[in-house]
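*Asks:* Handing over work.txt, compact mmCIF, C-alpha atoms.
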```
# COMPACT_ATOMS: atom_id res chain seq x y z
CA MET I 1 207.26 205.19 155.24
CA LEU I 2 209.50 207.83 153.70
CA ALA I 3 209.19 211.60 154.04
CA ASP I 4 210.78 213.92 151.50
CA THR I 5 211.23 217.04 153.62
CA HIS I 6 212.34 219.29 150.77
CA VAL I 7 210.15 219.57 147.68
CA HIS I 8 209.80 222.77 145.65
CA ILE I 9 207.13 223.88 143.23
CA TRP I 10 206.88 227.19 141.45
CA ASP I 11 204.40 228.68 139.07
CA PHE I 12 205.16 231.98 137.36
CA SER I 13 201.44 232.69 137.04
CA LYS I 14 201.00 232.45 140.82
CA ALA I 15 204.05 234.20 142.29
CA SER I 16 207.27 236.02 141.48
CA TYR I 17 210.59 234.16 141.83
CA SER I 18 213.28 236.83 141.51
CA TRP I 19 216.17 234.38 141.85
CA LEU I 20 215.12 232.81 138.53
CA ASP I 21 215.32 236.10 136.62
CA GLY I 22 217.79 235.52 133.81
CA ASN I 23 218.35 231.89 134.81
CA THR I 24 219.27 229.86 131.72
CA SER I 25 219.11 226.40 133.30
CA ILE I 26 216.30 223.83 133.25
CA LEU I 27 214.94 225.44 136.42
CA ASN I 28 213.56 228.50 134.62
CA ARG I 29 210.05 227.18 133.98
CA THR I 30 206.95 226.33 135.99
CA TYR I 31 207.25 223.12 138.02
CA GLY I 32 204.02 221.50 139.24
CA ILE I 33 203.62 218.78 141.83
CA GLU I 34 201.91 216.51 139.30
CA GLU I 35 205.29 215.98 137.62
CA LEU I 36 206.34 213.85 140.58
CA ALA I 37 203.27 211.60 140.55
CA THR I 38 205.11 208.66 139.00
CA GLU I 39 208.56 209.23 140.47
CA ILE I 40 207.46 209.29 144.10
CA GLN I 41 206.38 205.68 143.61
CA SER I 42 209.71 204.56 142.17
CA ALA I 43 211.50 206.52 144.92
CA ALA I 44 209.18 205.02 147.60
CA VAL I 45 208.28 208.47 148.95
CA THR I 46 205.04 208.48 150.94
CA HIS I 47 205.01 212.00 152.46
CA GLY I 48 206.29 215.34 151.23
CA VAL I 49 207.05 218.78 152.62
CA LEU I 50 206.73 221.75 150.27
CA VAL I 51 209.38 224.40 150.95
CA GLN I 52 209.19 228.08 149.98
CA ALA I 53 210.87 229.24 146.81
CA ALA I 54 210.15 232.97 147.07
CA ASN I 55 210.08 235.66 149.75
CA ASN I 56 206.42 236.48 149.26
CA THR I 57 203.02 235.36 150.49
CA GLN I 58 201.86 234.41 147.00
CA ASP I 59 204.31 231.51 146.93
CA THR I 60 203.17 230.35 150.37
CA ASP I 61 199.49 230.60 149.49
CA TRP I 62 200.09 228.61 146.30
CA MET I 63 201.92 225.86 148.21
CA LEU I 64 199.11 225.65 150.76
CA HIS I 65 196.57 225.34 147.93
CA VAL I 66 198.59 222.58 146.27
CA ALA I 67 199.07 220.77 149.59
CA ALA I 68 195.33 220.72 150.18
CA HIS I 69 194.82 219.06 146.80
CA THR I 70 197.75 216.62 146.85
CA ASN I 71 197.31 213.54 149.00
CA TRP I 72 201.00 212.84 149.68
CA ILE I 73 201.94 216.39 150.73
CA ALA I 74 201.87 216.56 154.52
CA ALA I 75 203.31 219.99 155.36
CA VAL I 76 204.38 223.37 154.01
CA VAL I 77 207.36 225.52 155.00
CA GLY I 78 206.18 228.99 154.06
CA TRP I 79 207.31 232.59 154.30
CA VAL I 80 206.33 235.42 156.62
CA PRO I 81 207.70 239.01 156.68
CA LEU I 82 210.29 238.50 159.42
CA THR I 83 211.60 242.07 159.21
CA ASN I 84 208.17 243.25 160.42
CA PRO I 85 207.19 241.56 163.70
CA ASP I 86 203.68 243.02 163.67
CA ALA I 87 203.05 241.69 160.16
CA THR I 88 204.62 238.38 161.15
CA ALA I 89 202.20 238.10 164.08
CA ILE I 90 199.25 238.77 161.76
CA ALA I 91 200.51 236.21 159.23
CA LEU I 92 201.03 233.54 161.88
CA LYS I 93 197.53 234.13 163.20
CA GLN I 94 196.19 233.80 159.65
CA TYR I 95 198.11 230.62 158.88
CA LYS I 96 197.55 229.00 162.27
CA SER I 97 194.22 227.59 161.15
CA ASN I 98 195.75 225.95 158.07
CA PRO I 99 196.64 222.31 158.85
CA TYR I 100 199.55 222.31 156.39
CA PHE I 101 201.46 225.39 157.58
CA LYS I 102 204.26 223.82 159.63
CA GLY I 103 207.41 225.89 159.17
CA VAL I 104 208.98 229.14 157.96
CA ARG I 105 211.94 229.96 155.73
CA HIS I 106 213.51 233.06 154.18
CA LEU I 107 216.02 232.96 151.31
CA ILE I 108 218.84 234.26 153.48
CA HIS I 109 221.49 232.98 151.05
CA ASP I 110 220.26 235.59 148.57
CA GLU I 111 220.65 238.42 151.09
CA PRO I 112 223.88 240.50 150.81
CA ASP I 113 224.33 240.38 154.59
CA ALA I 114 225.12 236.90 155.93
CA GLN I 115 223.92 238.15 159.34
CA TRP I 116 220.48 239.04 158.02
CA LEU I 117 218.81 236.91 160.70
CA LEU I 118 220.42 238.96 163.49
CA GLN I 119 218.46 242.14 162.77
CA PRO I 120 216.49 243.08 165.93
CA THR I 121 213.17 242.99 164.07
CA VAL I 122 213.93 239.57 162.61
CA LEU I 123 214.95 238.20 166.00
CA GLU I 124 211.68 239.50 167.42
CA SER I 125 209.79 237.65 164.69
CA LEU I 126 211.82 234.48 165.25
CA GLN I 127 210.80 234.65 168.89
CA LEU I 128 207.18 234.68 167.71
CA LEU I 129 207.89 231.50 165.75
CA ALA I 130 209.41 229.89 168.82
CA ASP I 131 206.45 230.90 170.96
CA ALA I 132 204.09 229.35 168.40
CA GLY I 133 206.12 226.15 168.16
CA ILE I 134 206.92 226.72 164.48
CA PRO I 135 210.41 225.63 163.32
CA TYR I 136 212.68 227.62 161.02
CA ASP I 137 214.57 226.31 157.96
CA VAL I 138 218.07 227.78 157.60
CA VAL I 139 219.07 227.86 153.93
CA GLY I 140 222.72 228.79 154.31
CA ILE I 141 225.57 228.36 151.86
CA LEU I 142 228.47 229.92 153.78
CA PRO I 143 230.17 229.20 157.11
CA ALA I 144 229.02 232.71 158.06
CA HIS I 145 225.42 231.50 157.83
CA ILE I 146 226.16 228.78 160.39
CA ARG I 147 227.80 231.33 162.70
CA THR I 148 224.73 233.53 162.35
CA ALA I 149 222.44 230.62 163.19
CA LEU I 150 224.54 229.93 166.29
CA HIS I 151 223.97 233.52 167.44
CA VAL I 152 220.24 233.14 166.76
CA ALA I 153 220.25 230.04 168.97
CA GLU I 154 221.76 232.10 171.78
CA LYS I 155 219.15 234.83 171.47
CA VAL I 156 216.11 232.62 170.75
CA PRO I 157 217.05 229.35 172.46
CA GLN I 158 213.57 227.79 172.16
CA LEU I 159 213.50 228.06 168.36
CA LYS I 160 213.91 224.79 166.49
CA MET I 161 216.09 225.24 163.41
CA ILE I 162 217.17 222.89 160.65
CA PHE I 163 220.10 223.31 158.28
CA ASP I 164 218.80 222.79 154.74
CA HIS I 165 221.23 220.82 152.56
CA LEU I 166 223.56 220.50 155.58
CA ASN I 167 224.50 224.14 154.90
CA GLN I 168 226.54 223.16 151.84
CA PRO I 169 229.38 220.92 153.03
CA PRO I 170 232.65 221.14 151.05
CA ILE I 171 231.92 218.08 148.88
CA ALA I 172 233.11 219.71 145.65
CA THR I 173 236.57 220.35 147.11
CA ALA I 174 236.70 216.99 148.93
CA GLU I 175 237.69 218.87 152.07
CA ARG I 176 237.05 216.98 155.33
CA PHE I 177 235.67 218.93 157.00
CA GLY I 178 237.28 222.30 157.49
CA GLU I 179 235.47 225.31 158.88
CA TRP I 180 232.12 223.84 157.89
CA GLY I 181 232.79 220.81 160.07
CA ILE I 182 233.94 222.84 163.06
CA LEU I 183 230.85 225.05 162.97
CA MET I 184 228.40 222.20 162.35
CA GLN I 185 229.94 220.30 165.24
CA GLU I 186 229.34 223.33 167.44
CA ALA I 187 225.77 223.65 166.20
CA ALA I 188 225.10 219.99 166.94
CA GLN I 189 225.75 220.67 170.64
CA HIS I 190 222.55 222.76 170.70
CA PRO I 191 219.57 220.37 171.05
CA ASN I 192 217.28 222.53 168.88
CA PHE I 193 219.48 222.31 165.77
CA TYR I 194 218.56 219.64 163.21
CA ALA I 195 220.22 218.53 159.98
CA LYS I 196 218.50 218.04 156.62
CA ILE I 197 220.38 215.62 154.37
CA SER I 198 219.32 217.11 151.06
CA GLY I 199 220.66 218.71 147.90
CA LEU I 200 224.02 217.00 148.26
CA GLY I 201 224.17 215.73 144.70
CA THR I 202 223.95 219.30 143.48
CA THR I 203 226.52 220.40 146.06
CA ALA I 204 229.01 217.88 144.65
CA GLN I 205 229.05 219.92 141.40
CA VAL I 206 229.73 216.95 139.11
CA GLY I 207 226.34 216.77 137.42
CA SER I 208 224.85 213.29 137.59
CA ALA I 209 228.26 211.65 138.12
CA TRP I 210 227.91 211.64 141.91
CA THR I 211 227.06 208.49 143.87
CA ASN I 212 226.32 207.61 147.48
CA ALA I 213 230.07 207.22 147.99
CA THR I 214 230.57 210.88 147.01
CA ILE I 215 228.44 212.14 149.86
CA GLU I 216 229.07 209.39 152.42
CA PRO I 217 231.70 211.23 154.53
CA TYR I 218 229.44 214.25 155.00
CA VAL I 219 226.29 212.26 155.71
CA SER I 220 228.18 210.09 158.19
CA PHE I 221 229.53 213.23 159.84
CA ALA I 222 226.03 214.71 160.18
CA LEU I 223 224.62 211.49 161.61
CA GLN I 224 227.48 211.25 164.08
CA GLN I 225 227.28 214.86 165.24
CA PHE I 226 223.50 215.41 165.32
CA GLY I 227 222.53 211.81 166.01
CA VAL I 228 219.89 209.79 164.21
CA GLN I 229 217.22 211.61 166.25
CA ARG I 230 217.92 214.99 164.58
CA CYS I 231 218.56 214.10 160.94
CA MET I 232 216.09 213.76 158.09
CA LEU I 233 216.07 213.50 154.29
CA GLY I 234 215.08 215.82 151.46
CA GLY I 235 215.08 215.37 147.70
CA ASP I 236 215.35 219.08 146.78
CA TRP I 237 213.38 218.60 143.55
CA PRO I 238 213.46 220.20 141.02
CA VAL I 239 216.84 221.81 141.84
CA SER I 240 218.21 218.29 142.29
CA MET I 241 217.60 217.57 138.60
CA LEU I 242 220.76 219.55 137.88
CA ALA I 243 222.48 216.46 139.30
CA GLY I 244 220.26 213.63 138.08
CA SER I 245 216.67 212.44 138.29
CA TYR I 246 214.48 212.45 141.39
CA THR I 247 214.54 208.66 141.45
CA TYR I 248 218.35 208.57 141.13
CA THR I 249 218.75 210.92 144.09
CA TRP I 250 216.63 208.71 146.30
CA GLN I 251 218.35 205.54 145.12
CA GLN I 252 221.65 206.96 146.34
CA TYR I 253 220.19 207.97 149.70
CA HIS I 254 218.60 204.53 150.17
CA LYS I 255 221.84 202.72 149.34
CA LEU I 256 223.85 204.91 151.66
CA LEU I 257 221.59 204.66 154.69
CA GLN I 258 221.35 200.89 154.32
CA THR I 259 225.10 200.71 154.89
CA LEU I 260 225.16 203.20 157.78
CA LEU I 261 222.05 202.59 159.88
CA THR I 262 219.96 199.83 161.41
CA HIS I 263 216.39 199.33 160.23
CA GLN I 264 215.02 201.27 163.21
CA GLU I 265 217.51 204.10 162.72
CA GLN I 266 216.57 204.30 159.05
CA HIS I 267 212.91 204.66 160.03
CA MET I 268 213.81 207.61 162.25
CA VAL I 269 215.84 209.40 159.58
CA LYS I 270 213.50 208.53 156.73
CA TYR I 271 210.21 209.34 158.43
CA ALA I 272 209.78 209.62 162.22
CA ASN I 273 212.04 212.64 162.77
CA ALA I 274 210.36 214.57 159.96
CA ALA I 275 206.88 213.79 161.25
CA ASP I 276 207.90 215.09 164.67
CA PHE I 277 209.75 218.18 163.44
CA TYR I 278 207.09 219.28 160.96
CA GLN I 279 204.22 217.99 163.09
CA PHE I 280 202.40 215.73 160.67
CA GLN I 281 201.02 212.21 160.91
```
Show the structure stored in the file as structure tokens.

*Replies:*
Amino acid sequence: MLADTHVHIWDFSKASYSWLDGNTSILNRTYGIEELATEIQSAAVTHGVLVQAANNTQDTDWMLHVAAHTNWIAAVVGWVPLTNPDATAIALKQYKSNPYFKGVRHLIHDEPDAQWLLQPTVLESLQLLADAGIPYDVVGILPAHIRTALHVAEKVPQLKMIFDHLNQPPIATAERFGEWGILMQEAAQHPNFYAKISGLGTTAQVGSAWTNATIEPYVSFALQQFGVQRCMLGGDWPVSMLAGSYTYTWQQYHKLLQTLLTHQEQHMVKYANAADFYQFQ
């Protein structure tokens, strides 16, 4: 079995996606889950996790609706108003009864302040997530985002957090591993930090010219630091199409893991860890 822990959908008739305003790339259109119907078979994906694409409840509600009507979607990482703990508590109570609501994310990389998560109100809301056993996806792009997450771990030690896209390792500059590596190594010492191997083709910034060899040093580093028990895979569709097809992305991940891991270790990274982290069967 294979779990894709990072799938996006967006529909402009259902929610507002401010980060796409003025976007001139292929991403600036509606993307529906039905577009992956054929490719998940060629990629051998059996389970999927929908991940928020907007800081609003409309996006979350749409994902939950799609999950309920799509047999291979197993979980949803939604959004709640973290700057308002009272509203967060109400939202968590509302979503608790939905069998697909399994995680929370906020587009922190679009916030001017890299320490956005350290606001007292946000920390209070993150504590509510921890108390409810709901993990948090960290979508960071700067070393400062890793440092912020480390501070969050100090203040809310029970909160499980996962670094989406490995928090953008320096693949494009071929740096090994610099400040990113030092901070990720520190994060790996905290047992509640996990690593999502996803979006790395896009991070390489060479279009579809990347291969498994391009990302191998950074994937190996993540596996070594976090261990096979705390790593999982994500396709990052449709953003990943900026660097090749969905099937191509998964072909590269399959080839790479076959050279790095045993069959049992591959099962953990490809499925078991995701099922445990996002609480699906």

*Asks:* So, with all atoms listed in the file as the atoms that count, which of I:Gln185, I:Asn84, I:Gln252, I:Thr38 lies closest to Phe221 of chain I?

*Replies:*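 Looking only at the distances to Phe221 of chain I, the closest residue turns out to be I:Gln185.
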
*Asks:* I'd like the contact shell of Pro85 of chain I - 12 Å cut-off, all atoms listed in the file, skipping same-chain residues fewer than 5 positions apart - returned as a list in words.

*Replies:*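 Contacts, with the query itself left out: Val80, Ile90, Ala91, Leu92, Gln119, Pro120, Thr121, Val122, Leu123, Glu124, Ser125, Leu126, Gln127, Leu128 and Leu129 of chain I.
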
*Asks:* For each of I:Leu142, I:Val156, I:Leu200, I:Ala67, take the minimum atom-to-atom distance to Trp237 of chain I, counting only C-alpha atoms, then give the residue where this is smallest.

*Replies:*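 For Trp237 of chain I, the nearest of the candidates is I:Leu200.
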
*Asks:* Set the distance at 8 Å and use all atoms listed in the file: which residues neighbour Ser220 of chain I once local chain neighbours fewer than 4 positions away are removed? I'd like the list as a PyMOL selection string.

*Replies:* chain I and resi 216+224+260

*Asks:* May I have the protein, DNA and RNA residues with any atom at most 12 Å from the point (214.4, 208.0, 165.8), counting all atoms listed in the file, written as a list in words?

*Replies:*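 Within the cut-off we find Leu223, Phe226, Gly227, Val228, Gln229, Arg230, Cys231, Met232, Leu261, Thr262, His263, Gln264, Glu265, Gln266, His267, Met268, Val269, Lys270, Tyr271, Ala272, Asn273, Ala274, Ala275, Asp276 and Phe277 of chain I.
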
*Asks:* Which residues of segment 82-175 of chain I sit at most 12 Å from segment 55-62 of chain I, using all atoms listed in the file? Give each one's shortest atom pair and distance in Å (one decimal place), in chain and ascending residue order, as JSON lines.

*Replies:*
```
{"residue": "I:Leu82", "atom": "CA", "partner": "I:Asn55", "partner_atom": "CA", "distance": 10.1}
{"residue": "I:Thr83", "atom": "CA", "partner": "I:Asn55", "partner_atom": "CA", "distance": 11.5}
{"residue": "I:Ala87", "atom": "CA", "partner": "I:Thr57", "partner_atom": "CA", "distance": 11.6}
{"residue": "I:Thr88", "atom": "CA", "partner": "I:Thr57", "partner_atom": "CA", "distance": 11.2}
{"residue": "I:Ala91", "atom": "CA", "partner": "I:Thr57", "partner_atom": "CA", "distance": 9.1}
{"residue": "I:Leu92", "atom": "CA", "partner": "I:Thr57", "partner_atom": "CA", "distance": 11.7}
{"residue": "I:Gln94", "atom": "CA", "partner": "I:Asp61", "partner_atom": "CA", "distance": 11.2}
{"residue": "I:Tyr95", "atom": "CA", "partner": "I:Asp61", "partner_atom": "CA", "distance": 9.5}
{"residue": "I:Asn98", "atom": "CA", "partner": "I:Asp61", "partner_atom": "CA", "distance": 10.5}
{"residue": "I:Tyr100", "atom": "CA", "partner": "I:Thr60", "partner_atom": "CA", "distance": 10.7}
{"residue": "I:Phe101", "atom": "CA", "partner": "I:Thr60", "partner_atom": "CA", "distance": 8.9}
{"residue": "I:Lys102", "atom": "CA", "partner": "I:Thr60", "partner_atom": "CA", "distance": 11.4}
{"residue": "I:Gly103", "atom": "CA", "partner": "I:Thr60", "partner_atom": "CA", "distance": 10.7}
{"residue": "I:Val104", "atom": "CA", "partner": "I:Thr60", "partner_atom": "CA", "distance": 9.6}
{"residue": "I:Arg105", "atom": "CA", "partner": "I:Asn55", "partner_atom": "CA", "distance": 8.5}
{"residue": "I:His106", "atom": "CA", "partner": "I:Asn55", "partner_atom": "CA", "distance": 6.2}
{"residue": "I:Leu107", "atom": "CA", "partner": "I:Asn55", "partner_atom": "CA", "distance": 6.7}
{"residue": "I:Ile108", "atom": "CA", "partner": "I:Asn55", "partner_atom": "CA", "distance": 9.6}
{"residue": "I:His109", "atom": "CA", "partner": "I:Asn55", "partner_atom": "CA", "distance": 11.8}
{"residue": "I:Asp110", "atom": "CA", "partner": "I:Asn55", "partner_atom": "CA", "distance": 10.2}
{"residue": "I:Glu111", "atom": "CA", "partner": "I:Asn55", "partner_atom": "CA", "distance": 11.0}
```

*Asks:* Let me make sure I understand: among I:Trp19, I:Phe177, I:Tyr194, I:Trp116, which one has the smallest atom-to-atom distance to Asp164 of chain I if we use only C-alpha atoms?

*Replies:*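 The shortest atom-to-atom distance to Asp164 of chain I comes from I:Tyr194.
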
*Asks:* Using all atoms listed in the file, can you tell me which of I:Gln225, I:Ser245, I:Ser25, I:Gln279 comes closest to Ala188 of chain I?

*Replies:*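 Under the stated criterion, the closest residue is I:Gln225.
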
*Asks:* Around all of segment 129-139 of chain I's listed atoms, make the axis-aligned box with 6 Å on each side and tell me centre and edge lengths in Å to one decimal, as lines of an AutoDock Vina configuration file.

*Replies:*
```
center_x = 211.6
center_y = 228.6
center_z = 162.4
size_x = 27.0
size_y = 17.9
size_z = 29.0
```

*Asks:* May I ask which of the residues I:Val138, I:Met1, I:Leu27, I:Ala74 is the closest one to Thr46 of chain I, counting all atoms listed in the file?

*Replies:*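 Residue with the minimum atom-to-atom distance to Thr46 of chain I: I:Met1.
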
*Asks:* Please compute the atom CA of Ala204 of chain I-atom CA of Gly244 of chain I distance, one decimal, in Å.

*Replies:*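 Result for atom CA of Ala204 of chain I versus atom CA of Gly244 of chain I: 11.7 Å, one decimal.
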